[in-house]
>>> print(open('coords19.cif').read())   # mmCIF, C-alpha atoms
data_structure
#
loop_
_atom_site.label_atom_id
_atom_site.label_comp_id
_atom_site.auth_asym_id
_atom_site.auth_seq_id
_atom_site.Cartn_x
_atom_site.Cartn_y
_atom_site.Cartn_z
CA MET C 212 -23.32 62.58 11.66
CA LYS C 213 -24.55 59.61 13.70
CA THR C 214 -26.49 58.44 10.67
CA LEU C 215 -23.33 58.60 8.52
CA PHE C 216 -21.29 56.57 11.05
CA LEU C 217 -24.08 54.01 11.29
CA SER C 218 -24.21 53.66 7.51
CA LEU C 219 -20.43 53.17 7.28
CA ALA C 220 -20.50 50.57 10.06
CA LEU C 221 -23.26 48.63 8.33
CA LEU C 222 -21.33 48.79 5.03
CA LEU C 223 -18.19 47.37 6.68
CA LEU C 224 -20.14 44.65 8.43
CA GLY C 225 -21.80 43.73 5.17
CA GLY C 226 -18.42 43.37 3.51
CA CYS C 227 -17.21 41.07 6.27
CA ALA C 228 -20.39 39.03 6.13
CA GLY C 229 -19.80 38.46 2.43
CA GLY C 230 -16.67 36.48 3.31
CA LEU C 231 -13.84 35.37 1.06
CA ARG C 232 -14.71 35.22 -2.63
CA ILE C 233 -12.72 32.96 -4.98
CA ASP C 234 -13.18 32.71 -8.74
CA ASP C 235 -13.25 29.04 -9.83
CA SER C 236 -14.00 29.70 -13.48
CA HIS C 237 -10.45 28.82 -14.62
CA THR C 238 -8.93 25.38 -14.04
CA SER C 239 -5.36 24.32 -14.78
CA VAL C 240 -4.75 21.15 -16.78
CA SER C 241 -1.47 20.64 -14.88
CA GLN C 242 -2.74 18.75 -11.85
CA SER C 243 -3.30 15.29 -10.44
CA SER C 244 -4.54 13.62 -7.29
CA ARG C 245 -2.46 13.99 -4.14
CA VAL C 246 -3.02 10.23 -3.64
CA GLN C 247 -0.12 8.30 -5.14
CA TYR C 248 -0.50 4.87 -3.53
CA VAL C 249 -2.94 2.69 -1.64
CA VAL C 250 -1.39 0.76 1.24
CA LEU C 251 -2.97 -2.49 2.44
CA HIS C 252 -2.76 -3.71 6.04
CA TYR C 253 -4.22 -6.29 8.38
CA THR C 254 -5.35 -5.17 11.82
CA SER C 255 -4.01 -8.05 13.99
CA THR C 256 -7.28 -8.11 15.97
CA ASP C 257 -11.03 -8.60 15.61
CA LEU C 258 -13.57 -6.05 14.41
CA ASP C 259 -14.28 -4.46 17.79
CA GLY C 260 -10.58 -4.19 18.55
CA SER C 261 -9.87 -2.83 15.08
CA LEU C 262 -12.48 -0.08 15.41
CA ARG C 263 -11.23 0.84 18.84
CA VAL C 264 -7.56 1.05 17.79
CA LEU C 265 -8.23 2.89 14.53
CA THR C 266 -10.55 5.51 16.04
CA ARG C 267 -9.12 6.11 19.52
CA ASP C 268 -5.52 4.98 19.87
CA GLY C 269 -3.50 7.44 17.79
CA VAL C 270 -3.40 5.40 14.59
CA SER C 271 -5.95 5.45 11.79
CA SER C 272 -6.75 4.42 8.25
CA HIS C 273 -9.07 5.74 5.61
CA TYR C 274 -11.00 2.48 5.35
CA LEU C 275 -11.58 -0.64 7.41
CA ILE C 276 -13.09 -3.80 5.92
CA GLY C 277 -14.70 -6.30 8.25
CA ASP C 278 -14.37 -10.05 7.85
CA HIS C 279 -17.89 -11.45 8.49
CA PRO C 280 -19.71 -9.48 7.15
CA ALA C 281 -17.29 -7.62 4.92
CA LYS C 282 -18.67 -4.20 5.72
CA ILE C 283 -16.61 -1.22 4.54
CA TYR C 284 -16.13 1.53 7.13
CA ARG C 285 -14.82 4.96 6.15
CA LEU C 286 -12.86 6.21 9.16
CA VAL C 287 -10.97 9.13 7.61
CA ASP C 288 -12.02 11.25 4.64
CA GLU C 289 -9.77 10.74 1.61
CA ASN C 290 -8.96 14.46 1.61
CA ARG C 291 -7.35 14.11 5.03
CA ARG C 292 -4.20 12.33 6.21
CA ALA C 293 -4.54 9.06 8.12
CA TRP C 294 -1.84 7.70 10.41
CA HIS C 295 -1.29 4.24 8.96
CA ALA C 296 2.09 4.11 7.20
CA GLY C 297 4.53 5.33 9.83
CA GLU C 298 8.21 5.43 8.91
CA SER C 299 8.03 4.31 5.30
CA GLU C 300 9.48 4.67 1.84
CA TRP C 301 8.53 3.62 -1.68
CA GLN C 302 10.04 4.64 -5.00
CA GLY C 303 12.15 7.23 -3.20
CA ARG C 304 9.19 8.90 -1.46
CA THR C 305 9.30 8.89 2.33
CA TRP C 306 6.83 9.16 5.24
CA LEU C 307 3.94 8.11 3.06
CA ASN C 308 1.00 9.12 5.25
CA ALA C 309 0.76 12.35 3.25
CA SER C 310 0.50 10.69 -0.17
CA THR C 311 -1.36 7.44 0.45
CA LEU C 312 -4.72 5.98 1.32
CA GLY C 313 -4.67 3.26 3.97
CA ILE C 314 -6.99 0.26 3.93
CA GLU C 315 -7.07 -2.05 6.95
CA LEU C 316 -8.59 -5.52 6.75
CA VAL C 317 -9.87 -7.20 9.90
CA ASN C 318 -7.53 -10.16 10.25
CA GLU C 319 -5.67 -11.44 13.29
CA GLY C 320 -2.42 -11.74 11.33
CA TYR C 321 -0.47 -14.65 12.75
CA ARG C 322 0.05 -16.78 15.84
CA GLU C 323 3.44 -17.96 17.00
CA THR C 324 3.50 -21.77 17.34
CA ALA C 325 6.11 -24.44 17.92
CA ASN C 326 6.26 -24.84 14.15
CA GLY C 327 6.62 -21.13 13.46
CA ARG C 328 4.15 -18.47 12.48
CA VAL C 329 0.67 -19.54 11.39
CA TYR C 330 -1.12 -16.85 9.39
CA GLN C 331 -4.87 -16.35 9.23
CA PRO C 332 -6.46 -16.43 5.75
CA PHE C 333 -8.71 -13.67 4.46
CA SER C 334 -12.38 -14.33 3.75
CA GLU C 335 -13.64 -14.42 0.18
CA GLU C 336 -16.27 -11.76 0.83
CA GLN C 337 -13.64 -9.51 2.38
CA ILE C 338 -11.44 -9.66 -0.72
CA ASP C 339 -14.48 -9.16 -2.95
CA ALA C 340 -15.31 -5.97 -1.04
CA LEU C 341 -11.68 -4.85 -1.18
CA ILE C 342 -11.54 -5.28 -4.95
CA LEU C 343 -14.69 -3.18 -5.42
CA LEU C 344 -13.26 -0.46 -3.19
CA LEU C 345 -9.87 -0.50 -4.92
CA LYS C 346 -11.43 -0.26 -8.38
CA ASP C 347 -13.38 2.78 -7.25
CA ILE C 348 -10.29 4.43 -5.74
CA VAL C 349 -8.09 3.68 -8.75
CA GLN C 350 -10.68 5.14 -11.12
CA ARG C 351 -11.31 8.30 -9.09
CA HIS C 352 -7.63 9.07 -8.50
CA SER C 353 -6.39 7.85 -11.93
CA LEU C 354 -3.77 5.64 -10.28
CA PRO C 355 -1.32 3.81 -12.58
CA PRO C 356 -0.41 0.09 -12.33
CA GLY C 357 1.74 -0.66 -9.31
CA SER C 358 0.06 1.89 -7.05
CA ILE C 359 -1.46 -0.72 -4.71
CA ILE C 360 1.16 -1.91 -2.24
CA GLY C 361 1.46 -3.61 1.12
CA HIS C 362 2.67 -2.27 4.44
CA SER C 363 5.52 -4.78 4.16
CA ASP C 364 6.56 -3.18 0.85
CA ILE C 365 6.99 0.30 2.32
CA ALA C 366 8.43 -0.83 5.69
CA PRO C 367 10.08 -4.24 5.08
CA GLN C 368 12.38 -3.96 8.10
CA ARG C 369 9.51 -3.80 10.60
CA LYS C 370 6.22 -4.91 9.00
CA VAL C 371 4.91 -8.12 7.38
CA ASP C 372 1.27 -7.21 6.72
CA PRO C 373 -0.83 -8.01 4.79
CA GLY C 374 1.19 -11.25 5.00
CA PRO C 375 1.84 -14.32 2.84
CA LEU C 376 -1.81 -15.40 2.69
CA PHE C 377 -3.02 -12.15 1.19
CA PRO C 378 -4.28 -13.01 -2.34
CA TRP C 379 -2.31 -10.58 -4.49
CA LYS C 380 -3.02 -12.75 -7.53
CA ARG C 381 -6.75 -12.08 -7.16
CA LEU C 382 -6.04 -8.37 -7.31
CA ALA C 383 -3.89 -8.96 -10.38
CA ASP C 384 -6.70 -10.95 -12.04
CA ALA C 385 -8.98 -7.96 -11.36
CA GLY C 386 -6.55 -5.70 -13.22
CA LEU C 387 -5.34 -3.90 -10.10
CA VAL C 388 -1.78 -5.22 -9.68
CA PRO C 389 0.90 -6.06 -12.31
CA TRP C 390 1.66 -9.78 -12.40
CA PRO C 391 4.55 -11.59 -14.15
CA ASP C 392 3.86 -13.96 -17.02
CA VAL C 393 4.56 -17.50 -15.78
CA ARG C 394 6.17 -18.61 -19.06
CA ALA C 395 8.53 -15.66 -19.07
CA VAL C 396 9.43 -16.36 -15.44
CA ALA C 397 10.13 -20.04 -16.18
CA ARG C 398 12.34 -19.10 -19.12
CA GLU C 399 14.38 -16.62 -17.10
CA GLN C 400 14.54 -18.95 -14.11
CA ALA C 401 16.18 -21.66 -16.23
CA ARG C 402 18.78 -19.15 -17.36
CA PHE C 403 19.47 -17.86 -13.86
CA ALA C 404 19.80 -21.43 -12.56
CA LEU C 405 23.00 -21.68 -14.60
CA ALA C 406 24.46 -18.46 -13.22
CA LEU C 407 22.87 -16.54 -10.36
CA PRO C 408 23.25 -12.74 -10.45
CA THR C 409 25.29 -10.94 -7.82
CA ILE C 410 23.79 -9.57 -4.61
CA GLY C 411 24.33 -6.10 -6.03
CA TRP C 412 22.13 -7.04 -9.00
CA PHE C 413 19.33 -8.17 -6.66
CA GLN C 414 19.62 -4.94 -4.68
CA GLN C 415 19.38 -2.85 -7.84
CA GLN C 416 16.35 -4.77 -9.15
CA LEU C 417 14.54 -4.50 -5.82
CA ALA C 418 15.17 -0.75 -5.81
CA ARG C 419 13.69 -0.55 -9.31
CA GLN C 420 10.56 -2.19 -7.94
CA GLY C 421 10.34 0.59 -5.36
CA TYR C 422 11.85 -1.00 -2.26
CA THR C 423 14.30 0.84 -0.05
CA THR C 424 17.25 -1.52 -0.38
CA PRO C 425 20.91 -1.30 0.64
CA GLN C 426 23.18 -0.95 -2.40
CA THR C 427 26.26 -2.55 -0.87
CA GLY C 428 26.58 -5.82 -2.77
CA VAL C 429 26.37 -7.60 0.59
CA LEU C 430 23.59 -10.00 1.62
CA ASP C 431 22.92 -8.39 4.99
CA LYS C 432 19.86 -8.65 7.23
CA ALA C 433 18.22 -5.56 5.69
CA THR C 434 18.58 -6.96 2.16
CA ARG C 435 17.16 -10.33 3.21
CA SER C 436 14.16 -8.56 4.75
CA VAL C 437 13.47 -6.76 1.48
CA ILE C 438 13.83 -9.98 -0.54
CA ALA C 439 11.43 -11.71 1.85
CA ALA C 440 8.88 -8.88 1.47
CA PHE C 441 9.07 -9.21 -2.32
CA GLN C 442 8.76 -13.01 -2.15
CA MET C 443 5.82 -12.73 0.25
CA LYS C 444 3.99 -10.89 -2.50
CA TYR C 445 4.99 -12.79 -5.63
CA ARG C 446 6.09 -16.24 -4.36
CA GLN C 447 4.10 -16.97 -1.26
CA ARG C 448 5.03 -20.62 -0.88
CA LEU C 449 8.61 -19.67 0.07
CA TYR C 450 9.64 -16.30 1.47
CA ASP C 451 12.95 -17.10 3.12
CA GLY C 452 14.74 -13.95 2.00
CA GLN C 453 17.30 -15.90 -0.02
CA PRO C 454 18.30 -14.65 -3.48
CA ASP C 455 17.62 -17.55 -5.83
CA ALA C 456 16.96 -18.13 -9.53
CA GLU C 457 13.17 -17.90 -9.28
CA THR C 458 13.30 -14.63 -7.33
CA ALA C 459 15.73 -13.22 -9.90
CA ALA C 460 13.39 -14.26 -12.72
CA LEU C 461 10.38 -12.66 -11.03
CA LEU C 462 12.26 -9.41 -10.54
CA LEU C 463 13.51 -9.27 -14.11
CA VAL C 464 10.09 -9.95 -15.64
CA LEU C 465 8.27 -7.54 -13.34
CA ASN C 466 10.77 -4.77 -13.97
CA GLY C 467 10.10 -5.14 -17.66
CA MET C 468 6.41 -4.37 -17.10
CA PRO C 469 4.74 -0.96 -16.59
CA HIS C 470 4.56 -0.08 -12.88
#
>>> encode(input="coords19.cif", output="structure tokens")
Amino acid sequence: MKTLFLSLALLLLGGCAGGLRIDDSHTSVSQSSRVQYVVLHYTSTDLDGSLRVLTRDGVSSHYLIGDHPAKIYRLVDENRRAWHAGESEWQGRTWLNASTLGIELVNEGYRETANGRVYQPFSEEQIDALILLLKDIVQRHSLPPGSIIGHSDIAPQRKVDPGPLFPWKRLADAGLVPWPDVRAVAREQARFALALPTIGWFQQQLARQGYTTPQTGVLDKATRSVIAAFQMKYRQRLYDGQPDAETAALLLVLNGMPH
């Protein structure tokens, strides 16, 4: 009898030791990456401060890119959620930590001076490294055009990074970001100079881009913040938040492109 009990015990233990078994021989074609967007940030501090904040202080990002040298640090595995987006929204999706990858670039952001904010430029090698990383991410996750966005895009009421000196056009030239045709913009700008659209039109076009925008027809502070975020990306010489003919032309041309 003791021998029988011992045999049964060993059999049960053997079954437990075998663990969970899952058959992976069938794969559904109806699937895609959980990553929908890549959000770009600047850190507002130097490399040592950036590493300290992003690894110890309750916020994080998947990647950090140094300035000199432009070393790429992986701080959070892409399969896990990083705490970089905060309260955010884009294209109707909210709280984007769950569906985005965050990339922080070491950059001190801006200094307040008597003449206003003075932003720090990004190094060439840093942007070169960023482009290589973005191309790899876009390819692996099959991300469509328009999937690379700034923190200021998803939180225009409280964030300005990566700021007006971030070279979005370089990313566009690398095939990573949609960019409006300058001739089409000039043509539409001349037309809008004769008759500027209503504030409601601007709000609708900004929402089509993906921004969370009031739909009131009133040029309030929130709407100006969204316009400024858009201008900071596509018209960096002037981002005053005012709805003008050039901004209208940029919106119209961009909204006619795949994104």
>>> residues_around(input="coords19.cif", residues="stretch 443-445 of chain C", least_positions_apart="3", cutoff="7 Å", atoms="all atoms listed in the file", output="PyMOL selection string")
chain C and resi 374-375+379+439-440+450
>>> write_last_selection(input="coords19.cif", atoms="C-alpha atoms", output="short mmCIF file (atom, residue, chain, number, x, y, z; two decimals), in the frame of the given file")
data_model
loop_
_atom_site.label_atom_id
_atom_site.label_comp_id
_atom_site.auth_asym_id
_atom_site.auth_seq_id
_atom_site.Cartn_x
_atom_site.Cartn_y
_atom_site.Cartn_z
CA GLY C 374 1.19 -11.25 5.00
CA PRO C 375 1.84 -14.32 2.84
CA TRP C 379 -2.31 -10.58 -4.49
CA ALA C 439 11.43 -11.71 1.85
CA ALA C 440 8.88 -8.88 1.47
CA TYR C 450 9.64 -16.30 1.47
#
>>> closest_residue(input="coords19.cif", among="C:Met468, C:Val371, C:Ala293, C:Leu382", to="C:Arg419", atoms="all atoms listed in the file")
C:Met468
>>> resolve_selection(input="coords19.cif", expression="the PyMOL selection byres ((chain C and resi 454) around 10)", output="PyMOL selection string")
chain C and resi 407-410+413-414+430+434-435+438-439+442+451-453+455-459
>>> resolve_selection(input="coords19.cif", expression="the PyMOL selection byres ((chain C and resi 278) around 7)", output="PyMOL selection string")
chain C and resi 276-277+279-281+317+334+337
>>> closest_residue(input="coords19.cif", among="C:Leu231, C:Val287, C:Leu275, C:Leu405", to="C:Leu251", atoms="only C-alpha atoms")
C:Leu275
>>> closest_residue(input="coords19.cif", among="C:Ser299, C:Ser310, C:Asn466, C:Gln420", to="C:Pro391", atoms="only C-alpha atoms")
C:Asn466
>>> closest_residue(input="coords19.cif", among="C:Ala366, C:Ile359, C:Leu344, C:Leu262", to="C:Tyr248", atoms="only C-alpha atoms")
C:Ile359
>>> atom_distance(input="coords19.cif", atom1="atom CA of C:Val393", atom2="atom CA of C:Leu461")
8.9 Å
>>> closest_residue(input="coords19.cif", among="C:Gly303, C:Pro356, C:Pro378, C:Gly361", to="C:Pro332", atoms="all atoms listed in the file")
C:Pro378
>>> residues_near_point(input="coords19.cif", point="(8.8, 6.5, 1.4)", cutoff="10 Å", atoms="all atoms listed in the file", output="list in words")
Ala296, Gly297, Glu298, Ser299, Glu300, Trp301, Gln302, Gly303, Arg304, Thr305, Trp306, Leu307, Asn308, Ser310, Asp364, Ile365, Ala366, Gly421, Tyr422 and Thr423 of chain C
>>> atom_distance(input="coords19.cif", atom1="atom CA of C:Val437", atom2="atom CA of C:Asp372")
13.3 Å
>>> atom_distance(input="coords19.cif", atom1="atom CA of C:Glu335", atom2="atom CA of C:Leu316")
12.2 Å
>>> residues_near_point(input="coords19.cif", point="(-9.7, 4.9, -10.8)", cutoff="12 Å", atoms="only C-alpha atoms", output="PyMOL selection string")
chain C and resi 244+246-249+342-356+358-359+386-387
>>> write_last_selection(input="coords19.cif", atoms="C-alpha atoms", output="JSON list (two decimals), keeping the file's coordinate frame")
[["chain", "number", "residue", "atom", "x", "y", "z"],
["C", 244, "SER", "CA", -4.54, 13.62, -7.29],
["C", 246, "VAL", "CA", -3.02, 10.23, -3.64],
["C", 247, "GLN", "CA", -0.12, 8.30, -5.14],
["C", 248, "TYR", "CA", -0.50, 4.87, -3.53],
["C", 249, "VAL", "CA", -2.94, 2.69, -1.64],
["C", 342, "ILE", "CA", -11.54, -5.28, -4.95],
["C", 343, "LEU", "CA", -14.69, -3.18, -5.42],
["C", 344, "LEU", "CA", -13.26, -0.46, -3.19],
["C", 345, "LEU", "CA", -9.87, -0.50, -4.92],
["C", 346, "LYS", "CA", -11.43, -0.26, -8.38],
["C", 347, "ASP", "CA", -13.38, 2.78, -7.25],
["C", 348, "ILE", "CA", -10.29, 4.43, -5.74],
["C", 349, "VAL", "CA", -8.09, 3.68, -8.75],
["C", 350, "GLN", "CA", -10.68, 5.14, -11.12],
["C", 351, "ARG", "CA", -11.31, 8.30, -9.09],
["C", 352, "HIS", "CA", -7.63, 9.07, -8.50],
["C", 353, "SER", "CA", -6.39, 7.85, -11.93],
["C", 354, "LEU", "CA", -3.77, 5.64, -10.28],
["C", 355, "PRO", "CA", -1.32, 3.81, -12.58],
["C", 356, "PRO", "CA", -0.41, 0.09, -12.33],
["C", 358, "SER", "CA", 0.06, 1.89, -7.05],
["C", 359, "ILE", "CA", -1.46, -0.72, -4.71],
["C", 386, "GLY", "CA", -6.55, -5.70, -13.22],
["C", 387, "LEU", "CA", -5.34, -3.90, -10.10]]
>>> closest_residue(input="coords19.cif", among="C:Ala404, C:Ala460, C:Ala309, C:Val429", to="C:Arg446", atoms="only C-alpha atoms")
C:Ala460
>>> residues_around(input="coords19.cif", residues="C:Gly313", least_positions_apart="5", cutoff="7 Å", atoms="all atoms listed in the file", output="list in words")
Val249, Val250, Leu251, Ser272, His273, Tyr274 and His295 of chain C
>>> write_last_selection(input="coords19.cif", atoms="C-alpha atoms", output="mmCIF file, in the frame of the given file")
data_model
loop_
_atom_site.group_PDB
_atom_site.id
_atom_site.type_symbol
_atom_site.label_atom_id
_atom_site.label_comp_id
_atom_site.auth_asym_id
_atom_site.auth_seq_id
_atom_site.Cartn_x
_atom_site.Cartn_y
_atom_site.Cartn_z
ATOM 1 C CA VAL C 249 -2.940 2.690 -1.640
ATOM 2 C CA VAL C 250 -1.390 0.760 1.240
ATOM 3 C CA LEU C 251 -2.970 -2.490 2.440
ATOM 4 C CA SER C 272 -6.750 4.420 8.250
ATOM 5 C CA HIS C 273 -9.070 5.740 5.610
ATOM 6 C CA TYR C 274 -11.000 2.480 5.350
ATOM 7 C CA HIS C 295 -1.290 4.240 8.960
#
>>> residues_around(input="coords19.cif", residues="C:Gln415", least_positions_apart="4", cutoff="8 Å", atoms="all atoms listed in the file", output="count of residues only")
4
